[in-house]
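Dumped work-v1.cif below, it's mmCIF, C-alpha atoms:
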data_coords
#
loop_
_atom_site.label_atom_id
_atom_site.label_comp_id
_atom_site.auth_asym_id
_atom_site.auth_seq_id
_atom_site.Cartn_x
_atom_site.Cartn_y
_atom_site.Cartn_z
CA MET X 21 31.53 -13.59 28.40
CA ASP X 22 31.83 -16.54 30.80
CA SER X 23 33.73 -19.52 29.49
CA PHE X 24 32.10 -22.44 27.67
CA TYR X 25 32.58 -26.12 28.29
CA ILE X 26 31.68 -29.15 26.24
CA ASN X 27 29.09 -31.78 27.07
CA ARG X 28 31.04 -34.56 25.41
CA ARG X 29 28.43 -37.28 25.62
CA ARG X 30 25.88 -35.19 23.72
CA PHE X 31 28.60 -34.31 21.24
CA LEU X 32 29.43 -37.94 20.45
CA GLN X 33 25.78 -38.56 19.63
CA GLY X 34 25.96 -36.06 16.76
CA THR X 35 25.80 -37.51 13.25
CA ALA X 36 28.25 -34.93 11.94
CA ALA X 37 30.63 -34.95 14.90
CA SER X 38 33.81 -35.76 13.00
CA LEU X 39 33.04 -33.19 10.31
CA ALA X 40 32.35 -30.57 12.93
CA LEU X 41 35.63 -31.26 14.70
CA THR X 42 37.44 -30.88 11.40
CA ALA X 43 35.66 -27.65 10.54
CA PHE X 44 35.42 -25.93 13.89
CA GLY X 45 38.16 -27.44 16.03
CA ALA X 46 37.60 -28.60 19.60
CA GLN X 47 34.32 -26.73 19.99
CA GLY X 48 32.97 -28.98 17.27
CA MET X 49 29.35 -29.90 16.84
CA ASP X 50 28.83 -30.00 20.57
CA ILE X 51 26.16 -28.63 22.74
CA ILE X 52 27.95 -25.64 24.18
CA HIS X 53 27.05 -24.75 27.75
CA PRO X 54 27.90 -21.30 29.07
CA ALA X 55 28.54 -20.79 32.76
CA LYS X 56 25.65 -18.34 32.60
CA THR X 57 22.57 -18.50 30.45
CA LEU X 58 22.92 -16.40 27.31
CA ARG X 59 20.29 -13.70 26.98
CA VAL X 60 18.87 -13.57 23.46
CA GLY X 61 16.61 -11.25 21.50
CA LEU X 62 15.04 -11.74 18.07
CA ILE X 63 14.09 -8.95 15.66
CA GLY X 64 11.68 -10.23 13.02
CA THR X 65 9.58 -13.18 14.19
CA GLY X 66 8.52 -14.50 10.79
CA TRP X 67 9.42 -17.79 9.18
CA TYR X 68 13.22 -17.68 9.16
CA GLY X 69 13.64 -15.56 12.25
CA LYS X 70 11.89 -18.21 14.32
CA SER X 71 13.74 -20.99 12.49
CA ASP X 72 17.13 -19.50 13.39
CA LEU X 73 16.06 -18.93 16.98
CA PHE X 74 14.80 -22.50 17.40
CA ARG X 75 18.08 -23.90 16.06
CA LEU X 76 19.97 -21.81 18.63
CA ILE X 77 17.69 -23.03 21.42
CA GLN X 78 18.45 -26.61 20.34
CA VAL X 79 22.23 -26.28 20.73
CA ALA X 80 22.76 -23.99 23.73
CA PRO X 81 20.89 -23.11 26.93
CA VAL X 82 19.65 -19.61 26.22
CA GLU X 83 16.95 -17.39 27.64
CA VAL X 84 14.96 -15.59 24.98
CA VAL X 85 14.18 -12.38 26.83
CA ALA X 86 12.64 -10.28 24.06
CA LEU X 87 11.02 -10.47 20.66
CA CYS X 88 10.30 -7.66 18.22
CA ASP X 89 7.94 -7.51 15.27
CA VAL X 90 5.73 -4.90 13.65
CA ASP X 91 2.98 -7.51 13.15
CA LYS X 92 1.27 -7.97 16.54
CA ASN X 93 -0.35 -11.24 15.52
CA GLN X 94 2.91 -12.73 14.31
CA LEU X 95 4.68 -11.45 17.42
CA SER X 96 2.16 -12.93 19.85
CA ALA X 97 2.18 -16.31 18.12
CA ALA X 98 5.98 -16.38 18.16
CA ALA X 99 6.09 -15.53 21.88
CA THR X 100 3.81 -18.48 22.63
CA LEU X 101 5.96 -20.85 20.57
CA VAL X 102 9.17 -19.62 22.22
CA SER X 103 7.71 -20.14 25.71
CA LYS X 104 7.05 -23.76 24.78
CA ARG X 105 10.51 -24.25 23.30
CA GLN X 106 12.75 -22.65 25.89
CA LYS X 107 13.65 -24.44 29.09
CA SER X 108 12.38 -21.72 31.46
CA GLY X 109 8.93 -21.71 29.86
CA LYS X 110 8.87 -17.93 30.15
CA VAL X 111 7.12 -15.76 27.59
CA PRO X 112 9.56 -13.19 26.16
CA ARG X 113 8.84 -9.48 26.36
CA GLN X 114 7.23 -8.23 23.16
CA TYR X 115 8.08 -5.07 21.23
CA GLY X 116 6.98 -3.32 18.07
CA ASP X 117 10.05 -1.04 18.03
CA TYR X 118 13.44 -2.76 17.94
CA GLN X 119 15.24 0.31 19.29
CA LYS X 120 13.09 0.20 22.42
CA MET X 121 13.83 -3.51 22.76
CA LEU X 122 17.58 -2.84 22.59
CA ALA X 123 17.32 0.02 25.08
CA GLU X 124 15.32 -1.90 27.69
CA ASN X 125 17.12 -5.27 27.66
CA GLU X 126 20.72 -6.34 28.11
CA MET X 127 21.28 -9.08 25.56
CA ASP X 128 24.32 -11.19 24.75
CA ILE X 129 22.99 -12.13 21.32
CA VAL X 130 20.54 -10.55 18.89
CA LEU X 131 19.19 -12.52 15.94
CA ILE X 132 17.93 -10.53 12.96
CA GLY X 133 15.34 -12.14 10.70
CA THR X 134 13.71 -9.05 9.19
CA PRO X 135 13.43 -8.27 5.46
CA ASP X 136 16.68 -7.25 3.79
CA HIS X 137 16.08 -3.49 3.85
CA TRP X 138 16.26 -3.56 7.66
CA HIS X 139 19.41 -5.65 8.17
CA ALA X 140 21.97 -2.84 8.21
CA LEU X 141 20.35 -0.46 10.70
CA GLN X 142 19.34 -3.24 13.08
CA THR X 143 22.76 -4.92 13.01
CA ILE X 144 24.59 -1.67 13.63
CA ASP X 145 22.24 -0.64 16.46
CA ALA X 146 22.52 -4.10 18.07
CA VAL X 147 26.33 -4.10 18.11
CA LYS X 148 26.28 -0.56 19.49
CA ALA X 149 24.06 -1.89 22.27
CA GLY X 150 26.74 -4.48 23.10
CA ALA X 151 25.23 -7.59 21.52
CA HIS X 152 26.79 -10.12 19.21
CA VAL X 153 24.64 -10.52 16.10
CA TYR X 154 23.44 -13.30 13.83
CA VAL X 155 22.00 -11.61 10.75
CA GLN X 156 20.29 -13.20 7.80
CA LYS X 157 21.63 -12.87 4.29
CA PRO X 158 21.94 -10.80 2.19
CA ILE X 159 23.38 -8.48 4.79
CA SER X 160 22.31 -5.29 3.03
CA VAL X 161 20.41 -3.74 0.14
CA ASP X 162 23.26 -1.47 -0.95
CA VAL X 163 27.04 -1.65 -0.85
CA MET X 164 27.60 1.22 1.59
CA GLU X 165 25.27 -0.38 4.15
CA GLY X 166 27.52 -3.42 4.06
CA GLU X 167 30.66 -1.33 4.47
CA ALA X 168 29.09 0.33 7.51
CA MET X 169 28.12 -3.03 9.04
CA VAL X 170 31.69 -4.32 8.78
CA ALA X 171 33.02 -1.08 10.25
CA ALA X 172 30.55 -1.24 13.16
CA ALA X 173 31.42 -4.86 14.00
CA ARG X 174 35.10 -3.99 14.11
CA LYS X 175 34.71 -0.72 16.02
CA TYR X 176 32.51 -2.21 18.74
CA LYS X 177 34.40 -5.54 18.75
CA ARG X 178 31.33 -7.71 18.32
CA VAL X 179 31.01 -11.03 16.52
CA VAL X 180 28.61 -10.85 13.58
CA GLN X 181 27.73 -14.14 11.91
CA VAL X 182 25.85 -14.13 8.59
CA GLY X 183 23.23 -16.75 7.79
CA THR X 184 25.16 -18.20 4.85
CA GLN X 185 25.08 -21.64 6.43
CA ARG X 186 26.29 -23.61 3.41
CA LYS X 187 29.73 -23.23 5.02
CA SER X 188 28.35 -25.25 7.92
CA THR X 189 26.56 -27.86 5.79
CA PRO X 190 28.07 -31.26 6.74
CA HIS X 191 28.19 -32.83 3.27
CA LEU X 192 29.64 -29.64 1.75
CA ILE X 193 32.29 -29.44 4.47
CA GLU X 194 33.18 -33.00 3.50
CA ALA X 195 33.26 -32.14 -0.21
CA LYS X 196 35.59 -29.21 0.42
CA LYS X 197 37.98 -31.31 2.49
CA ASN X 198 37.97 -34.60 0.61
CA ILE X 199 37.57 -33.39 -2.98
CA VAL X 200 38.50 -29.72 -3.42
CA ASP X 201 41.28 -29.41 -0.85
CA ALA X 202 42.53 -32.94 -1.64
CA GLY X 203 43.11 -31.89 -5.24
CA LEU X 204 40.74 -34.36 -6.89
CA LEU X 205 39.47 -31.63 -9.22
CA GLY X 206 42.94 -30.56 -10.33
CA LYS X 207 43.17 -27.00 -11.62
CA ILE X 208 39.75 -25.34 -11.31
CA SER X 209 39.23 -22.81 -14.08
CA HIS X 210 35.47 -22.45 -14.37
CA VAL X 211 32.51 -22.33 -11.99
CA GLU X 212 28.81 -22.32 -12.75
CA MET X 213 26.06 -21.44 -10.26
CA CYS X 214 22.32 -21.44 -10.84
CA CYS X 215 18.80 -21.24 -9.48
CA TYR X 216 15.84 -22.43 -11.51
CA TYR X 217 13.19 -22.41 -8.78
CA HIS X 218 9.83 -20.90 -9.70
CA MET X 219 10.07 -18.63 -6.67
CA ARG X 220 9.26 -15.20 -8.08
CA ASN X 221 5.99 -14.23 -6.43
CA ASN X 222 3.87 -12.25 -8.85
CA GLY X 223 0.33 -10.94 -9.06
CA ASN X 224 -1.86 -7.86 -8.95
CA PRO X 225 -3.51 -7.67 -5.52
CA PRO X 226 -5.54 -4.50 -4.97
CA VAL X 227 -4.46 -1.63 -2.74
CA GLN X 228 -6.23 -2.01 0.59
CA ALA X 229 -6.41 -0.65 4.12
CA VAL X 230 -3.54 -1.52 6.43
CA PRO X 231 -4.80 -3.87 9.18
CA ASP X 232 -4.76 -2.65 12.78
CA PHE X 233 -2.26 -5.30 13.88
CA LEU X 234 0.45 -4.20 11.40
CA ASP X 235 2.64 -1.09 11.74
CA TYR X 236 3.26 -0.67 8.01
CA GLU X 237 5.20 2.56 8.44
CA MET X 238 7.68 0.80 10.71
CA TRP X 239 7.75 -2.29 8.50
CA THR X 240 8.78 -0.04 5.59
CA GLY X 241 11.34 1.90 7.65
CA PRO X 242 14.07 3.39 5.42
CA ALA X 243 12.70 1.83 2.21
CA PRO X 244 10.27 3.51 -0.21
CA LEU X 245 6.67 3.36 1.00
CA ARG X 246 4.73 1.23 -1.48
CA PRO X 247 0.92 1.34 -1.45
CA TYR X 248 -0.21 -1.44 0.89
CA ASP X 249 -1.55 -4.40 -1.08
CA GLY X 250 -1.58 -7.21 1.49
CA LEU X 251 0.69 -8.72 4.12
CA PRO X 252 4.26 -8.57 2.83
CA HIS X 253 5.45 -11.61 4.79
CA ILE X 254 7.47 -14.51 3.37
CA ARG X 255 7.57 -14.19 -0.44
CA TRP X 256 5.63 -11.03 -1.34
CA TRP X 257 8.20 -8.49 -0.19
CA ARG X 258 11.00 -10.38 -1.97
CA THR X 259 9.39 -9.71 -5.34
CA PHE X 260 10.17 -5.97 -5.10
CA MET X 261 13.58 -4.33 -5.47
CA GLU X 262 12.50 -1.74 -2.91
CA TYR X 263 13.20 -4.26 -0.15
CA GLY X 264 15.94 -6.53 -1.48
CA ASN X 265 18.05 -7.47 -4.46
CA GLY X 266 15.91 -9.98 -6.30
CA ILE X 267 16.78 -13.62 -6.84
CA MET X 268 20.39 -12.54 -7.35
CA GLY X 269 20.54 -11.20 -3.79
CA ASP X 270 18.42 -13.97 -2.32
CA MET X 271 19.84 -17.12 -3.93
CA CYS X 272 23.07 -16.33 -5.76
CA ILE X 273 24.66 -15.06 -2.56
CA HIS X 274 24.40 -18.53 -1.00
CA MET X 275 26.07 -20.33 -3.89
CA PHE X 276 28.63 -17.62 -4.62
CA ASP X 277 29.56 -17.44 -0.94
CA THR X 278 29.98 -21.23 -0.87
CA VAL X 279 32.21 -21.18 -3.95
CA ARG X 280 34.35 -18.39 -2.50
CA TRP X 281 34.76 -20.37 0.71
CA MET X 282 35.65 -23.59 -1.10
CA LEU X 283 38.16 -21.91 -3.42
CA GLN X 284 39.40 -19.21 -0.99
CA LEU X 285 38.36 -16.33 -3.23
CA GLY X 286 38.11 -12.70 -2.16
CA TRP X 287 36.60 -9.78 -4.09
CA PRO X 288 36.04 -10.41 -7.81
CA LYS X 289 38.28 -8.42 -10.16
CA ARG X 290 35.32 -7.49 -12.36
CA ILE X 291 31.56 -8.08 -12.34
CA SER X 292 29.12 -8.00 -15.24
CA SER X 293 25.48 -8.97 -15.60
CA THR X 294 22.57 -8.93 -18.00
CA GLY X 295 18.93 -9.83 -17.61
CA GLY X 296 15.50 -8.47 -16.81
CA ILE X 297 11.84 -9.41 -16.90
CA TYR X 298 11.67 -11.51 -20.05
CA VAL X 299 8.69 -13.81 -19.44
CA GLN X 300 6.64 -13.07 -16.32
CA LYS X 301 5.38 -9.59 -17.17
CA GLU X 302 1.79 -9.92 -16.01
CA GLY X 303 2.12 -8.88 -12.35
CA LYS X 304 3.55 -6.18 -10.08
CA SER X 305 6.87 -7.88 -9.44
CA ASN X 306 9.86 -5.76 -10.49
CA ILE X 307 12.69 -8.25 -9.89
CA ALA X 308 14.38 -9.99 -12.82
CA ASP X 309 12.91 -13.33 -13.86
CA THR X 310 16.03 -14.04 -15.94
CA GLN X 311 19.59 -13.01 -15.12
CA SER X 312 23.16 -14.00 -15.89
CA ALA X 313 26.26 -12.69 -14.14
CA ILE X 314 30.01 -13.22 -14.36
CA PHE X 315 32.27 -12.76 -11.32
CA GLU X 316 35.81 -12.64 -12.73
CA TYR X 317 39.02 -13.79 -11.03
CA ASP X 318 42.49 -14.47 -12.40
CA GLY X 319 42.13 -17.53 -14.62
CA LEU X 320 38.63 -18.25 -13.31
CA ASN X 321 35.10 -17.08 -14.04
CA CYS X 322 32.23 -17.75 -11.66
CA VAL X 323 29.07 -17.65 -13.76
CA TRP X 324 25.54 -17.29 -12.35
CA GLN X 325 22.24 -17.99 -14.11
CA HIS X 326 18.71 -17.83 -12.78
CA ARG X 327 15.33 -18.30 -14.37
CA SER X 328 12.04 -18.35 -12.48
CA TRP X 329 10.39 -20.10 -15.42
CA GLY X 330 11.10 -23.18 -17.53
CA THR X 331 13.09 -26.24 -16.48
CA PRO X 332 16.51 -26.58 -14.81
CA ASN X 333 19.50 -27.68 -16.85
CA ASN X 334 20.03 -30.53 -14.34
CA PRO X 335 16.85 -31.68 -12.53
CA ASP X 336 18.97 -33.10 -9.68
CA TYR X 337 20.63 -29.73 -9.07
CA PRO X 338 18.09 -26.92 -9.68
CA TRP X 339 19.85 -24.63 -7.15
CA SER X 340 23.51 -25.44 -7.10
CA PHE X 341 27.15 -24.77 -7.94
CA THR X 342 29.46 -26.72 -10.24
CA LEU X 343 33.25 -26.62 -10.01
CA TYR X 344 35.04 -27.63 -13.21
CA GLY X 345 38.62 -28.85 -12.91
CA ASP X 346 40.92 -30.50 -15.41
CA LYS X 347 40.72 -33.73 -13.38
CA GLY X 348 37.01 -33.75 -12.59
CA THR X 349 33.77 -31.93 -11.82
CA LEU X 350 31.96 -31.32 -8.53
CA TRP X 351 28.23 -30.62 -8.36
CA GLY X 352 27.00 -29.31 -5.02
CA SER X 353 23.71 -28.23 -3.45
CA THR X 354 21.91 -28.17 -0.12
CA MET X 355 20.75 -31.72 -0.85
CA ALA X 356 23.82 -33.56 -2.14
CA TYR X 357 27.13 -33.50 -3.95
CA ASP X 358 28.49 -35.52 -6.86
CA PHE X 359 32.12 -35.82 -7.89
CA ILE X 360 32.64 -36.95 -11.49
CA PRO X 361 36.28 -37.72 -12.35
CA GLN X 362 37.78 -37.02 -15.78
CA GLY X 363 38.30 -40.36 -17.52
CA LYS X 364 38.57 -43.46 -15.37
CA GLY X 365 38.04 -43.14 -11.66
CA GLU X 366 35.48 -43.55 -8.93
CA ARG X 367 32.46 -41.30 -8.74
CA ILE X 368 31.57 -40.05 -5.28
CA HIS X 369 28.03 -39.20 -4.16
CA LYS X 370 26.88 -37.92 -0.78
CA ASP X 371 23.42 -36.90 0.39
CA VAL X 372 22.39 -34.29 2.92
CA VAL X 373 22.56 -35.21 6.60
CA PHE X 374 19.18 -35.18 8.33
CA GLU X 375 18.87 -35.25 12.12
CA LYS X 376 15.19 -36.05 12.53
CA GLU X 377 15.80 -38.72 15.16
CA LYS X 378 18.05 -36.52 17.30
CA TYR X 379 15.75 -33.49 17.01
CA PRO X 380 12.19 -34.87 16.65
CA GLU X 381 10.73 -31.42 17.28
CA ASP X 382 11.93 -30.51 13.76
CA LEU X 383 9.17 -32.70 12.34
CA THR X 384 6.37 -30.58 13.79
CA GLU X 385 7.85 -27.14 13.08
CA GLU X 386 5.91 -25.19 10.50
CA ARG X 387 7.80 -24.49 7.24
CA ILE X 388 11.08 -25.88 8.57
CA GLU X 389 13.75 -26.66 5.96
CA LEU X 390 14.81 -30.07 7.23
CA ASN X 391 17.81 -30.14 4.90
CA ALA X 392 19.09 -26.83 6.30
CA ALA X 393 18.45 -27.45 10.01
CA PRO X 394 21.68 -29.41 10.74
CA ALA X 395 23.70 -26.74 8.93
CA THR X 396 22.06 -23.93 10.89
CA ARG X 397 22.74 -25.74 14.18
CA LEU X 398 26.42 -26.06 13.24
CA HIS X 399 26.41 -22.41 12.16
CA MET X 400 25.07 -21.38 15.58
CA LEU X 401 27.77 -23.43 17.32
CA ASP X 402 30.46 -21.77 15.23
CA PHE X 403 28.94 -18.39 16.16
CA LEU X 404 29.09 -19.26 19.87
CA ALA X 405 32.66 -20.53 19.57
CA ALA X 406 33.72 -17.26 17.91
CA ILE X 407 32.14 -15.28 20.75
CA GLU X 408 33.98 -17.39 23.33
CA ASN X 409 37.32 -17.25 21.51
CA ASN X 410 37.00 -13.61 20.41
CA SER X 411 37.63 -14.79 16.87
CA ARG X 412 36.02 -14.50 13.44
CA PRO X 413 33.19 -16.93 12.70
CA VAL X 414 33.10 -18.99 9.51
CA ALA X 415 30.55 -16.57 8.01
CA ASP X 416 32.04 -13.37 9.39
CA ILE X 417 30.34 -10.12 8.43
CA GLU X 418 33.21 -9.17 6.10
CA GLU X 419 32.79 -12.39 4.10
CA GLY X 420 29.04 -11.84 4.05
CA HIS X 421 29.64 -8.32 2.80
CA ILE X 422 31.86 -9.45 -0.08
CA SER X 423 29.27 -11.98 -1.23
CA THR X 424 26.33 -9.60 -0.76
CA ALA X 425 28.02 -6.61 -2.38
CA SER X 426 29.14 -8.69 -5.36
CA CYS X 427 25.51 -9.63 -6.02
CA ILE X 428 24.42 -6.00 -5.61
CA LEU X 429 27.14 -4.92 -8.05
CA ALA X 430 25.87 -7.52 -10.52
CA ASN X 431 22.43 -5.90 -10.30
CA ILE X 432 23.97 -2.46 -10.86
CA SER X 433 25.85 -3.82 -13.88
CA MET X 434 22.60 -5.19 -15.28
CA GLN X 435 20.91 -1.84 -14.67
CA ILE X 436 23.52 0.36 -16.40
CA GLY X 437 24.67 -2.16 -19.01
CA ARG X 438 28.42 -2.43 -18.44
CA PRO X 439 31.01 -4.29 -16.30
CA LEU X 440 32.10 -2.88 -12.95
CA VAL X 441 35.34 -2.96 -11.00
CA TYR X 442 34.88 -2.33 -7.25
CA ASP X 443 37.80 -1.17 -5.11
CA PRO X 444 37.10 -2.06 -1.46
CA LYS X 445 39.99 0.13 -0.27
CA THR X 446 38.41 3.30 -1.65
CA ARG X 447 34.84 1.93 -1.42
CA SER X 448 34.23 2.98 -4.98
CA ILE X 449 33.69 1.69 -8.50
CA VAL X 450 36.73 2.50 -10.59
CA GLY X 451 36.18 5.15 -13.25
CA ASP X 452 32.38 5.10 -13.27
CA ARG X 453 30.61 8.12 -11.77
CA GLU X 454 27.11 6.87 -12.62
CA ALA X 455 27.71 3.48 -11.01
CA ASN X 456 29.23 5.10 -7.91
CA GLY X 457 26.00 7.00 -7.47
CA LEU X 458 24.21 3.67 -7.08
CA LEU X 459 26.37 2.31 -4.25
CA GLN X 460 24.08 3.93 -1.69
CA ARG X 461 20.31 3.96 -1.96
CA PRO X 462 18.41 7.03 -0.82
CA TYR X 463 16.61 6.49 2.49
CA ARG X 464 13.05 7.58 3.11
CA GLN X 465 12.65 10.88 4.95
CA GLY X 466 13.18 10.47 8.67
CA TRP X 467 15.82 7.75 8.34
CA THR X 468 19.59 8.24 8.12
CA HIS X 469 21.79 6.00 5.99
CA PRO X 470 24.73 4.58 7.99
CA ASN X 471 28.17 5.96 7.17
CA PRO X 472 31.12 3.56 7.68
CA ASP X 473 33.29 6.47 8.83
CA LYS X 474 30.78 7.88 11.33
CA LEU X 475 29.42 5.17 13.59
#
Rewrite the coordinates I just gave you, this time as structure tokens.
Amino acid sequence: MDSFYINRRRFLQGTAASLALTAFGAQGMDIIHPAKTLRVGLIGTGWYGKSDLFRLIQVAPVEVVALCDVDKNQLSAAATLVSKRQKSGKVPRQYGDYQKMLAENEMDIVLIGTPDHWHALQTIDAVKAGAHVYVQKPISVDVMEGEAMVAAARKYKRVVQVGTQRKSTPHLIEAKKNIVDAGLLGKISHVEMCCYYHMRNNGNPPVQAVPDFLDYEMWTGPAPLRPYDGLPHIRWWRTFMEYGNGIMGDMCIHMFDTVRWMLQLGWPKRISSTGGIYVQKEGKSNIADTQSAIFEYDGLNCVWQHRSWGTPNNPDYPWSFTLYGDKGTLWGSTMAYDFIPQGKGERIHKDVVFEKEKYPEDLTEERIELNAAPATRLHMLDFLAAIENNSRPVADIEEGHISTASCILANISMQIGRPLVYDPKTRSIVGDREANGLLQRPYRQGWTHPNPDKL
């Protein structure tokens, strides 16, 4: 990879420049310019795939050479948007089969924005093809997929960044440095995490014919083939365990990953969870509408709670984490943080950083999460810096695996009704044959589950 250099004037215009320098070193929140244009491909051109790609285009001169999607309409629309966004104005090549895209194009970077059940195979195939990968969270739908993804990244010496961009969220970087690391919380002995969004799509749409523009067989891939009952895009597929890991895998991973980063935590010593469908029983959805989980560490429990019904316990922090120390409490979310000292002392509040003036195109982008855009831009810059320096990014695949697998293990605990102890050295659950049988999901006929020892 040709060396990068920094456009310092653009860097100094950044609202989070000082935070970026602290977090990422000299690369910082700069616009990184490679000596050659980076060739990029995107697999999965839906909402968040395009969002990630557009953030990358904003911070580095790249050429998007290829796009892949099994929905021809979605693919064509994305190609048009990309041609308008990228400097060359070129329309990327379009593919319905990601393996053909990888075979026919030499790419420096591949972004993966497909549903969760596709992340493992596509990441592994992309690194085998020589690309560095940015993959959305959760990285996998079972624990062994994640083990294989880590093994592939290491074997083929590729950088794999996971889309857990809370680690690149400016106000949370500040909270970690100025509150957690500075010792304002004192001894932290309890953590709570939650999501109370009413985000569990539910309903009873009829089975119908698959439209001509959608390759439903390829969309399903290694997952079980459900009867087609409408376009699965955005929220519908997330409501089925066949394709993901429920709200636990979708939302807990973000907050748990953030807490682990802030407190420098590795694998939990023990994981337990209870929950199920307690309220919203009227539709097809098979993900839990209510779930609690405990991730245990020495002298510290990280407790998760989600409900897709009712009201949040704190309306200001409906999706959040709370660190409890003997000197104070820190509430954190994508939107803000609040430090509340024990006894007398000064409260500290900080809101999310928006960059609408610097990036006015954000305001016209469909479904953009304006609060997450600055974090994703920083996350992309950290990814590029890791590629240049041959180093681990802030959301390295191994860290993404620990956070993802912990959430999957919580789901397994809920399913079988007992706590689990996972040993990453042996890739097994200690003393539990039934639980070990759930570490790897069966793949649909015609697809082969990746093996971390045979890549």
Who sits within 8 Å of range 260-273 of chain X, only C-alpha atoms, same chain under 4 positions skipped, as a PyMOL selection string
chain X and resi 135-137+157-158+160-161+213-215+220+243-244+256+277+305-308+311+324+326+423-424+427-428+431
Hey, can you spit out that residue selection with C-alpha atoms as a PDB file, in the coordinates of the input?
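Here's the written file selection-v2.pdb:
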ATOM      1  CA  PRO X 135      13.430  -8.270   5.460  1.00  0.00           C
ATOM      2  CA  ASP X 136      16.680  -7.250   3.790  1.00  0.00           C
ATOM      3  CA  HIS X 137      16.080  -3.490   3.850  1.00  0.00           C
ATOM      4  CA  LYS X 157      21.630 -12.870   4.290  1.00  0.00           C
ATOM      5  CA  PRO X 158      21.940 -10.800   2.190  1.00  0.00           C
ATOM      6  CA  SER X 160      22.310  -5.290   3.030  1.00  0.00           C
ATOM      7  CA  VAL X 161      20.410  -3.740   0.140  1.00  0.00           C
ATOM      8  CA  MET X 213      26.060 -21.440 -10.260  1.00  0.00           C
ATOM      9  CA  CYS X 214      22.320 -21.440 -10.840  1.00  0.00           C
ATOM     10  CA  CYS X 215      18.800 -21.240  -9.480  1.00  0.00           C
ATOM     11  CA  ARG X 220       9.260 -15.200  -8.080  1.00  0.00           C
ATOM     12  CA  ALA X 243      12.700   1.830   2.210  1.00  0.00           C
ATOM     13  CA  PRO X 244      10.270   3.510  -0.210  1.00  0.00           C
ATOM     14  CA  TRP X 256       5.630 -11.030  -1.340  1.00  0.00           C
ATOM     15  CA  ASP X 277      29.560 -17.440  -0.940  1.00  0.00           C
ATOM     16  CA  SER X 305       6.870  -7.880  -9.440  1.00  0.00           C
ATOM     17  CA  ASN X 306       9.860  -5.760 -10.490  1.00  0.00           C
ATOM     18  CA  ILE X 307      12.690  -8.250  -9.890  1.00  0.00           C
ATOM     19  CA  ALA X 308      14.380  -9.990 -12.820  1.00  0.00           C
ATOM     20  CA  GLN X 311      19.590 -13.010 -15.120  1.00  0.00           C
ATOM     21  CA  TRP X 324      25.540 -17.290 -12.350  1.00  0.00           C
ATOM     22  CA  HIS X 326      18.710 -17.830 -12.780  1.00  0.00           C
ATOM     23  CA  SER X 423      29.270 -11.980  -1.230  1.00  0.00           C
ATOM     24  CA  THR X 424      26.330  -9.600  -0.760  1.00  0.00           C
ATOM     25  CA  CYS X 427      25.510  -9.630  -6.020  1.00  0.00           C
ATOM     26  CA  ILE X 428      24.420  -6.000  -5.610  1.00  0.00           C
ATOM     27  CA  ASN X 431      22.430  -5.900 -10.300  1.00  0.00           C
TER      28      ASN X 431
END
Which residues are close to Tyr68 in chain X, i.e. within 9 Å by only C-alpha atoms, leaving aside same-chain residues fewer than 3 positions away? Reply as a VMD selection string.
chain X and resid 64 to 65 71 to 73 133 to 134 156 254 387 to 388
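In terms of minimum interatomic distance to Ala173 in chain X, X:Ala151 ranks closest within X:Leu459, X:Leu283, X:Ala151, X:Val60, counting only C-alpha atoms.
The spacing separating CA of Asp416 in chain X from CA of Arg258 in chain X amounts to 24.1 Å.
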If we count all atoms listed in the file, what is near range 356-359 of chain X at a cut-off of 6 Å, once residues fewer than 3 positions away on the same chain are taken out, given as a ChimeraX atom specification?
/X:349-353,367-372
Test item: the PyMOL selection byres ((chain X and resi 59) around 10) resolved as a ChimeraX atom specification
/X:56-58,60-61,81-86,125-130,151
With C-alpha atoms retained, write the just-selected residues as a compact mmCIF listing (two decimals), in the coordinates of the input.
# COMPACT_ATOMS: atom_id res chain seq x y z
CA LYS X 56 25.65 -18.34 32.60
CA THR X 57 22.57 -18.50 30.45
CA LEU X 58 22.92 -16.40 27.31
CA VAL X 60 18.87 -13.57 23.46
CA GLY X 61 16.61 -11.25 21.50
CA PRO X 81 20.89 -23.11 26.93
CA VAL X 82 19.65 -19.61 26.22
CA GLU X 83 16.95 -17.39 27.64
CA VAL X 84 14.96 -15.59 24.98
CA VAL X 85 14.18 -12.38 26.83
CA ALA X 86 12.64 -10.28 24.06
CA ASN X 125 17.12 -5.27 27.66
CA GLU X 126 20.72 -6.34 28.11
CA MET X 127 21.28 -9.08 25.56
CA ASP X 128 24.32 -11.19 24.75
CA ILE X 129 22.99 -12.13 21.32
CA VAL X 130 20.54 -10.55 18.89
CA ALA X 151 25.23 -7.59 21.52
Got a sec: who's within 12 Å of Gln325 in chain X, counting all atoms listed in the file, leaving out chain neighbours fewer than 2 positions off, as an MDAnalysis selection string?
chainID X and resid 211:217 267:268 271:272 275:276 293:296 308:315 322:323 327:328 332:333 338:342 430
In Å, rounded to a single decimal, give me how far CA of Gly319 in chain X is from CA of Lys197 in chain X.
22.4 Å
Expected selection from the PyMOL selection byres ((chain X and resi 413) around 10), given as a PyMOL selection string
chain X and resi 44+179-182+399-407+409-412+414-417+419
